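As structure tokens, the structure follows; a few thoughts come after it.
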Amino acid sequence: MTTIKSSNLGYPRIGENREWKRALENFWNGNISEQELIHITDEIRLHNLKKQKQQGIDLIPVGDFSLYDHVLDTSISFGVVPERFSYEGGKVDLDTYFAIARGVDDAVASEMTKWFNTNYHYIVPELNGMKPSLVENRALTYYNEAKEKLGIDGKPVILGPITYISLSKGYDGSDFEAVVDTFLPLYTQVLQELADAGATWVQLDEPIFSTDVPEEIIRIAEKVYNHFANQVPAINIIFQTYFEKVFHYDRIKNLPVKGIGLDFVHGDSLKLLTEYGFPKDKVLAAGIVDGRNVWLANLEDKLSLLETIKRFVHEEQLIVQPSSSLLHVPVTKSLEKKLDQVILDGLSFADDKIHEVVTLTKGIKSGRHAIAKEIESATAALNNLHATYRSNQSVRNKITDLTSEDASRDTAFPDRIKTQQESLKLPLLPTTTIGSLPQTPEVRSTRTKWRKGKITDAAYEQFVKGQIQRWITIQEELDIDVLVHGEFERNDMVEYFGEKLKGFSVTEYGWVQSYGSRCVKPPLIFGDVSWEQPITVKESVFAQSLTERTVKGMLTGPVTILNWSFVHDTTPRYDIMKQIALALQKEIEALEENGIKIIQVDEPALREGLPLNQEKWKKYLDASAYAFRLATATVKAGTQIHTHMCYSNFEDIFDCIDALDADVISIETSRSHGELVSTFEQNTYTKEIGLGVYDIHSPRIPSVEEVKANIERALQSISPTQFWVNPDCGLKTRKEPETIDALKVMVQAAKEVRQDQLTTLKQ
Ligand code: GLN
Ligand code: ZN
């Protein structure tokens with residue numbers, strides 16, 4: 001390298017208008033052939049790579065594209081296919097690929113879990129003593145493609161071996177090094193083939209080093225990267241980390257690689273440079289532009305930061321780049337036609353971020369004056385946003401005045417639950433669902449029509465009521481104990497609230513991938529937050545009016561709303577969380593006043609928001625529990641507060657779950673049932689709890705025996721008087737017939753176990 005370069009770490013896959021999602025779903029539904037799918041997705045990938053998209057970027061990432069998930073891609077390139085999919089070697093075909101991700105009739109999908117502290121989910125590799133082999137060098141395929149079709153000499157992006165294996169399951173921790181050893185020659189071959197094809201740079205993603213890994217892992221990393229350096233000296237490896245500062249930086253910085261990628265947005269990497277310096281023989285790939293947020297970069301500040309960083313390295317040692325892959329932000333803001341201009345001007349999506357990187361590279365290369373105009377316009381847009389929306393004094397005062405009493409219920413759980421039981425009169429092992437019911441094509445298309453003004457508000461409302469009514473009947477026929485209204489009026493559990501709370505705004509096209517083809521559209525929190533009018537009361541009250549059974553009110557909690565929004569960064573995050581909590585408190589009071597007896601406040605994002613750096617955990621968990629309690633503290637003892645969370649790995653947040661003081665919690669578990677149940681074996685939980693008894697992320701209908709086994713397994717560590725029976729998560733993504741069939745099975749299983757339990761209790 002002779003001078004400062006610009007780089008990108010990854011680009012969103014989904015297309016400007018989610019063309020990718022539609023193509024995948026059309027393929028799964030049999031509407032298009034495999035060939036058509038490949039054709040459409042090839043076009044999206046090449047379009048993303050085109051020079052006009054990543055204009056001015058010196059190191060353009062290739063191989064970051066995926067048809068589902070990049071961790072799964074890594075697995076299949078090594079032939080890591082769980083035995084139940086009857087794979088016989090060779091390149092993994094597309095049907096098997098999707099089967100691992102989504103499950104098929106006779107084989108359950110692989111577990112899916114969150115990618116570090118993001119809302120992106122990856123498919124957990126199952127190694128189980130498998131002997132991997134290189135069945136497809138995907139990095140090479142994509143490197144060659146970009147070269148041949150577009151003349152781009154790309155930078156292949158590969159999930160690094162230490163991170164890949166750390167994210168896998170199916171081996172004993174003590175075998176870690178042995179497992180690494182089996183993959184080492186394969187990775188070496190990947191790199192060798194890339195070098196032979198002419199690749200000069202390769203990005204090995206090793207975000208696991210942004211978590212506090214044991215020293216032993218560092219030693220293994222040293223061995224692995226030494227091996228690469230000796231075997232494939234021709235290729236320049238960038239050891240890429242992101243989402244936090246690097247732990248054990250003093251050792252990582254000396255790895256025998258050409259470059260080290262650090263995140264200067266989410267961790268105090270500058271402090272590491274100050275304390276330990278940076279080696280003279282390496283390139284520092286500095287993540288300067290936030291890859292996780294959508295607000296315009298303050299170019300003034302960013303340039304100053306770069307100037308500081310430059311004091312530690314020479315000219316030819318610096319790469320300017322986003323803090324992480326741009327996978328976590330929407331593609332382009334150019335399609336947004338309805339946003340307030342002040343907000344729009346303050347936004348930066350993937351395409352804009354690439355420009356910011358290029359601009360900053362120019363600034364640090366040629367001096368501040370070279371980008372004076374850009375700095376001026378960014379500063380003006382940010383100042384304007386601040387002055388217009390970030391100074392609601394009354395909200396700010398309320399936050400300052402809060403005490404711990406404001407966040408605790410008057411009656412303790414043991415007394416509350418008695419009052420609740422008397423009024424709710426539920427059977428042992430009550431059944432319920434998590435909230436949303438299938439959003440059929442009709443539901444979606446009617447909403448689209450309404451949004452486009454093609455049908456009136458009244459007609460839309462009538463339609464939603466019709467759906468609620470139909471499903472109240474279905475749930476009664478299924479004999480479910482606690483009903484839901486179905487969330488038909490909601491597009492997304494966070495966006496829906498974002499549209500109605502003050503201080504929020506929603507985009508039209510600001511989608512990001514969550515899992516597989518599923519994308520979410522996080523709302524923007526651009527200012528101070530407050531409640532203006534009831535949000536959910538109408539639908540809940542209507543649903544309750546139709547039945548004798550209890551219908552749960554359904555809200556999204558403050559932690560999840562915060563974590564799943566793009567939050568401006570000029571007010572402390574936890575203050576904004578309290579602002580949201582106070583707004584929700586008003587909504588919860590409104591539901592209670594209108595006769596709703598059970599109110600569920602979902603917190604599926606609580607776990608994923610856990611900072612990667614353990615030193616930051618306590619502050620986060622305390623703030624989260626406080627905000628949840630603040631939102632739910634003012635209800636009467638007889639009003640039952642539920643909450644729901646997605647995914648296992650609860651050990652870390654067990655105390656926090658308890659501190660939420662929710663009367664009932666439902667937790668998603670079926671893809672890793674045993675692990676969660678054992679958490680409850682080791683910790684005493686006194687409140688009520690439902691562990692998901694079947695997996696809703698797969699279209700597969702479970703058998704009564706399976707569901708019973710799940711319930712019975714849970715009852716080994718949880719008392720039947722505490723236990724609820726529910727699916728894993730909301731049902732909105734499922735089709736109607738499969739949902740009804742699965743719920744039938746669930747209710748049947750609950751009844752059988754209930755019967756057994758009652759008999760035992762009598763004995
Ligand atoms: N109530 C929500 C639903 O059922 C909860 C979703 C979630 O946990 N992600 O859709
Ligand atoms: Zn869930």
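Please note that chains go A, B, ... in the order of the structure tokens, that every chain numbers its residues from 1, and that ligands are numbered from 1 in the order shown.
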
Hey, which residues come within 7 Å of ligand 2 if we count only C-alpha atoms and all ligand atoms? Could you give them as a short mmCIF file (atom, residue, chain, number, x, y, z; two decimals) with N, CA, C and O atoms, in the first residue's frame?
```cif
data_model
loop_
_atom_site.label_atom_id
_atom_site.label_comp_id
_atom_site.auth_asym_id
_atom_site.auth_seq_id
_atom_site.Cartn_x
_atom_site.Cartn_y
_atom_site.Cartn_z
N PRO A 604 -38.45 -9.32 23.46
CA PRO A 604 -37.63 -10.32 22.76
C PRO A 604 -36.19 -9.84 22.53
O PRO A 604 -35.31 -10.66 22.31
N HIS A 644 -42.53 -11.65 27.06
CA HIS A 644 -42.07 -12.74 26.19
C HIS A 644 -40.67 -12.41 25.69
O HIS A 644 -40.36 -11.27 25.41
N MET A 645 -39.85 -13.45 25.62
CA MET A 645 -38.50 -13.27 25.09
C MET A 645 -38.16 -14.35 24.09
O MET A 645 -38.60 -15.49 24.23
N CYS A 646 -37.33 -14.01 23.13
CA CYS A 646 -36.92 -14.97 22.11
C CYS A 646 -35.54 -15.51 22.44
O CYS A 646 -34.68 -14.77 22.88
N GLU A 668 -38.79 -18.46 24.32
CA GLU A 668 -38.62 -19.31 23.15
C GLU A 668 -37.52 -20.33 23.41
O GLU A 668 -36.43 -19.98 23.82
N ASP A 728 -43.31 -21.24 20.65
CA ASP A 728 -42.05 -20.54 20.86
C ASP A 728 -42.12 -19.04 20.73
O ASP A 728 -41.42 -18.31 21.41
N CYS A 729 -42.90 -18.58 19.78
CA CYS A 729 -42.85 -17.16 19.42
C CYS A 729 -44.15 -16.82 18.70
O CYS A 729 -45.04 -17.67 18.59
N GLY A 730 -44.24 -15.59 18.23
CA GLY A 730 -45.44 -15.15 17.49
C GLY A 730 -45.63 -15.96 16.21
O GLY A 730 -44.70 -16.55 15.68
#
```

Cut-off 8 Å: closest chain A/ligand 1 atom pairs per residue, using only C-alpha atoms and all ligand atoms, as a Markdown table:
```
| residue | atom | partner | partner_atom_place_in_ligand_line | distance |
| --- | --- | --- | --- | --- |
| A:Thr433 | CA | ligand 1 | 4 (O) | 7.4 |
| A:Ile434 | CA | ligand 1 | 4 (O) | 4.4 |
| A:Gly435 | CA | ligand 1 | 4 (O) | 3.6 |
| A:Ser436 | CA | ligand 1 | 4 (O) | 3.8 |
| A:Leu437 | CA | ligand 1 | 4 (O) | 7.1 |
| A:Gly486 | CA | ligand 1 | 4 (O) | 7.8 |
| A:Glu487 | CA | ligand 1 | 10 (O) | 7.3 |
| A:Asp492 | CA | ligand 1 | 10 (O) | 7.9 |
| A:Met493 | CA | ligand 1 | 2 (C) | 6.4 |
| A:Met554 | CA | ligand 1 | 1 (N) | 6.4 |
| A:Leu555 | CA | ligand 1 | 1 (N) | 7.2 |
| A:Thr556 | CA | ligand 1 | 1 (N) | 7.3 |
| A:Gln600 | CA | ligand 1 | 1 (N) | 7.8 |
| A:Asp602 | CA | ligand 1 | 5 (C) | 5.9 |
| A:Glu603 | CA | ligand 1 | 8 (O) | 7.0 |
| A:Pro604 | CA | ligand 1 | 8 (O) | 4.7 |
| A:Ala605 | CA | ligand 1 | 9 (N) | 7.9 |
| A:His644 | CA | ligand 1 | 8 (O) | 6.0 |
| A:Met645 | CA | ligand 1 | 8 (O) | 5.6 |
| A:Cys646 | CA | ligand 1 | 8 (O) | 5.4 |
| A:Cys729 | CA | ligand 1 | 8 (O) | 5.3 |
| A:Gly730 | CA | ligand 1 | 4 (O) | 3.0 |
| A:Leu731 | CA | ligand 1 | 4 (O) | 6.0 |
| A:Lys732 | CA | ligand 1 | 10 (O) | 6.0 |
```

May I ask which of the residues A:Asn137, A:Thr211, A:Gln189, A:Thr359 is the closest one to Glu615 in chain A, counting only C-alpha atoms?
A:Thr211

Which residue is closest to Thr547 in chain A? Choose from A:Ala178, A:Ile480, A:Ile525, A:Ile580 and count only C-alpha atoms.
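Checking each of A:Ala178, A:Ile480, A:Ile525, A:Ile580 against Thr547 in chain A, counting only C-alpha atoms, the winner is A:Ile480.
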
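Take the candidates A:Val257, A:Ile653, A:Val320, A:Leu630 and check each one against Pro279 in chain A using only C-alpha atoms; the shortest distance goes to A:Val257.
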
Each residue of range 17-122 of chain A lying at most 12 Å from range 284-307 of chain A should get a row with its shortest atom-to-atom pair and the distance in Å to one decimal, counting only C-alpha atoms; could you produce that, ordered by chain and increasing number, as CSV?
```
residue,atom,partner,partner_atom,distance
A:Leu59,CA,A:Ala285,CA,10.9
A:Asn117,CA,A:Arg292,CA,10.5
A:Thr118,CA,A:Arg292,CA,8.6
A:Asn119,CA,A:Arg292,CA,10.5
A:Tyr120,CA,A:Arg292,CA,11.3
```

Neighbours of Ser348 in chain A within 9 Å (only C-alpha atoms; same-chain residues fewer than 2 positions away dropped), as an NGL selection string?
:A and (293-297 or 329-330 or 332-333 or 344-346 or 350-353 or 356)

Keeping only all heavy atoms, take the residues you just selected and write them out as a CSV table (one decimal), in the first residue's frame.
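part39.csv, freshly written:
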```
chain,number,residue,atom,x,y,z
A,293,ASN,N,-25.9,2.1,12.7
A,293,ASN,CA,-26.9,3.2,12.9
A,293,ASN,C,-27.1,3.9,11.6
A,293,ASN,O,-26.3,3.8,10.7
A,293,ASN,CB,-26.4,4.1,14.0
A,293,ASN,CG,-27.6,4.6,14.8
A,293,ASN,OD1,-28.8,4.6,14.3
A,293,ASN,ND2,-27.4,5.0,16.1
A,294,VAL,N,-28.1,4.7,11.6
A,294,VAL,CA,-28.5,5.4,10.3
A,294,VAL,C,-28.4,6.9,10.3
A,294,VAL,O,-28.9,7.5,9.4
A,294,VAL,CB,-29.9,5.0,9.9
A,294,VAL,CG1,-30.1,3.5,9.7
A,294,VAL,CG2,-30.9,5.5,11.0
A,295,TRP,N,-27.7,7.4,11.3
A,295,TRP,CA,-27.6,8.9,11.4
A,295,TRP,C,-26.4,9.3,10.7
A,295,TRP,O,-25.3,8.6,10.7
A,295,TRP,CB,-27.7,9.4,12.8
A,295,TRP,CG,-29.0,8.9,13.4
A,295,TRP,CD1,-29.1,7.8,14.3
A,295,TRP,CD2,-30.3,9.3,13.2
A,295,TRP,NE1,-30.4,7.6,14.6
A,295,TRP,CE2,-31.2,8.5,13.9
A,295,TRP,CE3,-30.8,10.4,12.4
A,295,TRP,CZ2,-32.6,8.7,13.8
A,295,TRP,CZ3,-32.2,10.6,12.3
A,295,TRP,CH2,-33.0,9.7,13.1
A,296,LEU,N,-26.5,10.4,10.1
A,296,LEU,CA,-25.4,11.1,9.3
A,296,LEU,C,-24.2,11.1,10.2
A,296,LEU,O,-24.2,11.4,11.4
A,296,LEU,CB,-25.8,12.5,9.0
A,296,LEU,CG,-25.4,13.1,7.7
A,296,LEU,CD1,-25.9,12.3,6.6
A,296,LEU,CD2,-26.0,14.5,7.7
A,297,ALA,N,-23.0,10.8,9.6
A,297,ALA,CA,-21.8,10.9,10.4
A,297,ALA,C,-21.5,12.4,10.6
A,297,ALA,O,-21.6,13.2,9.6
A,297,ALA,CB,-20.7,10.2,9.6
A,329,VAL,N,-27.7,-2.0,8.2
A,329,VAL,CA,-28.4,-0.8,7.9
A,329,VAL,C,-29.2,-0.9,6.5
A,329,VAL,O,-28.8,-1.7,5.7
A,329,VAL,CB,-27.5,0.4,7.8
A,329,VAL,CG1,-26.9,0.7,9.2
A,329,VAL,CG2,-26.4,0.3,6.8
A,330,PRO,N,-30.2,-0.1,6.3
A,330,PRO,CA,-30.9,-0.2,5.1
A,330,PRO,C,-30.1,0.3,3.9
A,330,PRO,O,-29.0,0.9,4.1
A,330,PRO,CB,-32.1,0.8,5.2
A,330,PRO,CG,-32.2,1.1,6.7
A,330,PRO,CD,-30.8,0.9,7.3
A,332,THR,N,-30.8,2.3,0.8
A,332,THR,CA,-30.7,3.6,0.2
A,332,THR,C,-31.8,4.5,0.7
A,332,THR,O,-33.0,4.0,0.9
A,332,THR,CB,-30.7,3.6,-1.3
A,332,THR,OG1,-30.9,4.9,-1.8
A,332,THR,CG2,-31.9,2.7,-1.9
A,333,LYS,N,-31.6,5.7,1.0
A,333,LYS,CA,-32.7,6.6,1.4
A,333,LYS,C,-33.3,7.3,0.2
A,333,LYS,O,-34.2,8.1,0.4
A,333,LYS,CB,-32.2,7.6,2.5
A,333,LYS,CG,-31.2,8.6,2.1
A,333,LYS,CD,-30.9,9.6,3.2
A,333,LYS,CE,-30.1,10.8,2.8
A,333,LYS,NZ,-29.8,11.7,3.8
A,344,LEU,N,-34.9,13.3,7.0
A,344,LEU,CA,-34.3,12.7,5.9
A,344,LEU,C,-32.8,13.2,5.7
A,344,LEU,O,-31.9,12.5,5.4
A,344,LEU,CB,-35.1,13.0,4.6
A,344,LEU,CG,-34.7,12.3,3.3
A,344,LEU,CD1,-35.0,10.8,3.5
A,344,LEU,CD2,-35.5,12.8,2.1
A,345,ASP,N,-32.7,14.5,5.8
A,345,ASP,CA,-31.4,15.1,5.7
A,345,ASP,C,-30.4,14.6,6.7
A,345,ASP,O,-29.2,14.7,6.5
A,345,ASP,CB,-31.4,16.7,5.8
A,345,ASP,CG,-32.1,17.3,4.6
A,345,ASP,OD1,-32.2,16.5,3.5
A,345,ASP,OD2,-32.5,18.4,4.6
A,346,GLY,N,-30.9,14.2,7.9
A,346,GLY,CA,-30.0,13.7,8.9
A,346,GLY,C,-29.7,12.2,8.8
A,346,GLY,O,-29.1,11.7,9.7
A,350,ALA,N,-26.8,2.6,3.8
A,350,ALA,CA,-25.6,2.0,3.3
A,350,ALA,C,-24.9,2.8,2.2
A,350,ALA,O,-23.7,3.1,2.3
A,350,ALA,CB,-25.9,0.6,2.8
A,351,ASP,N,-25.7,3.2,1.2
A,351,ASP,CA,-25.0,3.9,0.1
A,351,ASP,C,-24.4,5.3,0.5
A,351,ASP,O,-23.3,5.6,0.1
A,351,ASP,CB,-26.1,4.2,-1.0
A,351,ASP,CG,-26.4,2.9,-1.8
A,351,ASP,OD1,-25.7,1.9,-1.6
A,351,ASP,OD2,-27.3,3.0,-2.6
A,352,ASP,N,-25.1,5.9,1.5
A,352,ASP,CA,-24.5,7.2,2.0
A,352,ASP,C,-23.3,6.9,2.8
A,352,ASP,O,-22.3,7.7,2.8
A,352,ASP,CB,-25.6,7.9,2.8
A,352,ASP,CG,-26.9,8.0,2.2
A,352,ASP,OD1,-27.0,8.8,1.2
A,352,ASP,OD2,-27.8,7.2,2.6
A,353,LYS,N,-23.3,5.8,3.5
A,353,LYS,CA,-22.2,5.5,4.4
A,353,LYS,C,-20.9,5.3,3.6
A,353,LYS,O,-19.8,5.6,3.9
A,353,LYS,CB,-22.5,4.3,5.3
A,353,LYS,CG,-23.4,4.7,6.4
A,353,LYS,CD,-23.8,3.6,7.3
A,353,LYS,CE,-24.9,4.0,8.3
A,353,LYS,NZ,-24.4,5.0,9.3
A,356,GLU,N,-19.6,8.5,2.8
A,356,GLU,CA,-19.0,9.1,4.0
A,356,GLU,C,-17.5,8.5,4.1
A,356,GLU,O,-16.6,9.3,4.4
A,356,GLU,CB,-19.8,8.8,5.3
A,356,GLU,CG,-21.1,9.6,5.3
A,356,GLU,CD,-22.0,9.2,6.4
A,356,GLU,OE1,-21.8,8.2,7.0
A,356,GLU,OE2,-22.9,10.0,6.7
```

In Å to one decimal, how far is CA of Val331 in chain A from CA of Gly527 in chain A?
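Going from CA of Gly527 in chain A over to CA of Val331 in chain A covers 22.8 Å.
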
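Nearest to Ala146 in chain A of all the residues A:Gly63, A:Gly198, A:Pro441, A:Gly89 is A:Gly63, counting only C-alpha atoms.
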
Taking 2 positions as the minimum chain separation for residues in the same chain, which residues sit within 12 Å of Ala229 in chain A when counting only C-alpha atoms? Answer as a PyMOL selection string.
chain A and resi 188+191-192+222-227+231-238+255-258

Selected residues, N, CA and C atoms, written as a PDB file, in the first residue's frame, please.
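Full text of out.pdb as output:
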```
ATOM      1  N   THR A 188      -6.639 -22.949   4.701  1.00  0.00           N
ATOM      2  CA  THR A 188      -5.386 -22.664   3.999  1.00  0.00           C
ATOM      3  C   THR A 188      -5.583 -22.833   2.494  1.00  0.00           C
ATOM      4  N   LEU A 191      -7.455 -19.932   1.012  1.00  0.00           N
ATOM      5  CA  LEU A 191      -6.570 -18.772   0.849  1.00  0.00           C
ATOM      6  C   LEU A 191      -5.596 -18.977  -0.311  1.00  0.00           C
ATOM      7  N   GLN A 192      -5.069 -20.206  -0.403  1.00  0.00           N
ATOM      8  CA  GLN A 192      -4.107 -20.498  -1.471  1.00  0.00           C
ATOM      9  C   GLN A 192      -4.759 -20.318  -2.842  1.00  0.00           C
ATOM     10  N   GLU A 222      -3.063 -17.502  17.350  1.00  0.00           N
ATOM     11  CA  GLU A 222      -1.673 -17.239  16.945  1.00  0.00           C
ATOM     12  C   GLU A 222      -1.147 -18.382  16.081  1.00  0.00           C
ATOM     13  N   LYS A 223      -1.474 -19.577  16.510  1.00  0.00           N
ATOM     14  CA  LYS A 223      -1.016 -20.750  15.753  1.00  0.00           C
ATOM     15  C   LYS A 223      -1.626 -20.747  14.342  1.00  0.00           C
ATOM     16  N   VAL A 224      -2.937 -20.519  14.304  1.00  0.00           N
ATOM     17  CA  VAL A 224      -3.654 -20.559  13.025  1.00  0.00           C
ATOM     18  C   VAL A 224      -3.113 -19.494  12.060  1.00  0.00           C
ATOM     19  N   TYR A 225      -2.981 -18.287  12.554  1.00  0.00           N
ATOM     20  CA  TYR A 225      -2.583 -17.210  11.659  1.00  0.00           C
ATOM     21  C   TYR A 225      -1.097 -17.314  11.287  1.00  0.00           C
ATOM     22  N   ASN A 226      -0.313 -17.913  12.161  1.00  0.00           N
ATOM     23  CA  ASN A 226       1.064 -18.221  11.797  1.00  0.00           C
ATOM     24  C   ASN A 226       1.108 -19.197  10.642  1.00  0.00           C
ATOM     25  N   HIS A 227       0.250 -20.170  10.744  1.00  0.00           N
ATOM     26  CA  HIS A 227       0.169 -21.183   9.693  1.00  0.00           C
ATOM     27  C   HIS A 227      -0.181 -20.531   8.350  1.00  0.00           C
ATOM     28  N   GLN A 231       2.127 -20.558   5.078  1.00  0.00           N
ATOM     29  CA  GLN A 231       1.677 -21.328   3.922  1.00  0.00           C
ATOM     30  C   GLN A 231       1.269 -20.453   2.733  1.00  0.00           C
ATOM     31  N   VAL A 232       0.642 -19.327   3.027  1.00  0.00           N
ATOM     32  CA  VAL A 232       0.144 -18.486   1.930  1.00  0.00           C
ATOM     33  C   VAL A 232       0.662 -17.057   2.099  1.00  0.00           C
ATOM     34  N   PRO A 233       1.967 -16.869   1.998  1.00  0.00           N
ATOM     35  CA  PRO A 233       2.513 -15.539   2.261  1.00  0.00           C
ATOM     36  C   PRO A 233       2.047 -14.495   1.242  1.00  0.00           C
ATOM     37  N   ALA A 234       1.582 -14.967   0.089  1.00  0.00           N
ATOM     38  CA  ALA A 234       1.246 -14.013  -0.981  1.00  0.00           C
ATOM     39  C   ALA A 234      -0.017 -13.201  -0.697  1.00  0.00           C
ATOM     40  N   ILE A 235      -0.838 -13.671   0.229  1.00  0.00           N
ATOM     41  CA  ILE A 235      -2.110 -12.970   0.409  1.00  0.00           C
ATOM     42  C   ILE A 235      -2.078 -12.090   1.664  1.00  0.00           C
ATOM     43  N   ASN A 236      -2.648 -10.899   1.535  1.00  0.00           N
ATOM     44  CA  ASN A 236      -2.687  -9.972   2.664  1.00  0.00           C
ATOM     45  C   ASN A 236      -3.964 -10.179   3.457  1.00  0.00           C
ATOM     46  N   ILE A 237      -3.819 -10.721   4.634  1.00  0.00           N
ATOM     47  CA  ILE A 237      -5.009 -10.965   5.460  1.00  0.00           C
ATOM     48  C   ILE A 237      -5.299  -9.752   6.339  1.00  0.00           C
ATOM     49  N   ILE A 238      -6.562  -9.322   6.297  1.00  0.00           N
ATOM     50  CA  ILE A 238      -7.003  -8.346   7.303  1.00  0.00           C
ATOM     51  C   ILE A 238      -7.780  -9.126   8.353  1.00  0.00           C
ATOM     52  N   LEU A 255      -0.410 -10.490  15.790  1.00  0.00           N
ATOM     53  CA  LEU A 255      -0.661 -11.650  14.924  1.00  0.00           C
ATOM     54  C   LEU A 255       0.055 -11.431  13.590  1.00  0.00           C
ATOM     55  N   PRO A 256       0.554 -12.493  12.987  1.00  0.00           N
ATOM     56  CA  PRO A 256       1.275 -12.328  11.720  1.00  0.00           C
ATOM     57  C   PRO A 256       0.325 -12.132  10.537  1.00  0.00           C
ATOM     58  N   VAL A 257      -0.423 -11.054  10.561  1.00  0.00           N
ATOM     59  CA  VAL A 257      -1.319 -10.745   9.440  1.00  0.00           C
ATOM     60  C   VAL A 257      -0.931  -9.381   8.899  1.00  0.00           C
ATOM     61  N   LYS A 258      -1.492  -9.049   7.718  1.00  0.00           N
ATOM     62  CA  LYS A 258      -1.110  -7.779   7.101  1.00  0.00           C
ATOM     63  C   LYS A 258      -1.877  -6.613   7.732  1.00  0.00           C
TER      64      LYS A 258
END
```

Pick the closest to Val180 in chain A from A:Ile588, A:Val482, A:Ile162, A:Leu743: which is it, counting only C-alpha atoms?
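Ranking A:Ile588, A:Val482, A:Ile162, A:Leu743 by distance to Val180 in chain A, first place goes to A:Ile162.
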
Quick one: distance from CA of Ala625 in chain A to CA of Ala581 in chain A in Å, one decimal?
10.7 Å

To test your reading of the structure, identify every residue in range 86-170 of chain A that backbone DSSP assigns to alpha helix (DSSP H), and report it as a list in words.
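Of range 86-170 of chain A, only Leu94, Asp95, Thr96, Tyr97, Phe98, Ala99, Ile100, Ala101, Arg102, Arg138, Ala139, Leu140, Thr141, Tyr142, Tyr143, Asn144, Glu145, Ala146, Lys147, Glu148, Lys149, Leu150, Pro161, Ile162, Thr163, Tyr164, Ile165 and Ser166 of chain A fall in alpha helix (DSSP H).
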
List the neighbours of Ser698 in chain A out to 7 Å using only C-alpha atoms; skip same-chain residues closer than 2 positions along the sequence, and give me the result as a PyMOL selection string.
chain A and resi 102-103+695-696+700

Let's have the selection written as a PDB file, in the first residue's frame, with C-alpha atoms.
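For reference, part.pdb as written:
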```
ATOM      1  CA  ARG A 102     -35.788 -23.927   7.535  1.00  0.00           C
ATOM      2  CA  GLY A 103     -36.388 -27.587   8.280  1.00  0.00           C
ATOM      3  CA  ASP A 695     -40.730 -24.273  16.994  1.00  0.00           C
ATOM      4  CA  ILE A 696     -42.688 -21.737  15.007  1.00  0.00           C
ATOM      5  CA  ARG A 700     -43.329 -28.466  10.251  1.00  0.00           C
TER       6      ARG A 700
END
```

Test item: residues at most 7 Å from Ala623 in chain A, only C-alpha atoms, excluding those fewer than 4 positions along its chain, as number ranges by chain
A: 574, 619, 627

Counting only C-alpha atoms, the residue among A:Ser678, A:Ser717, A:Ser703, A:Thr733 that lies closest to Glu25 in chain A is A:Thr733

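The space separating CA of Tyr242 in chain A from CA of Asp263 in chain A comes to 5.0 Å.
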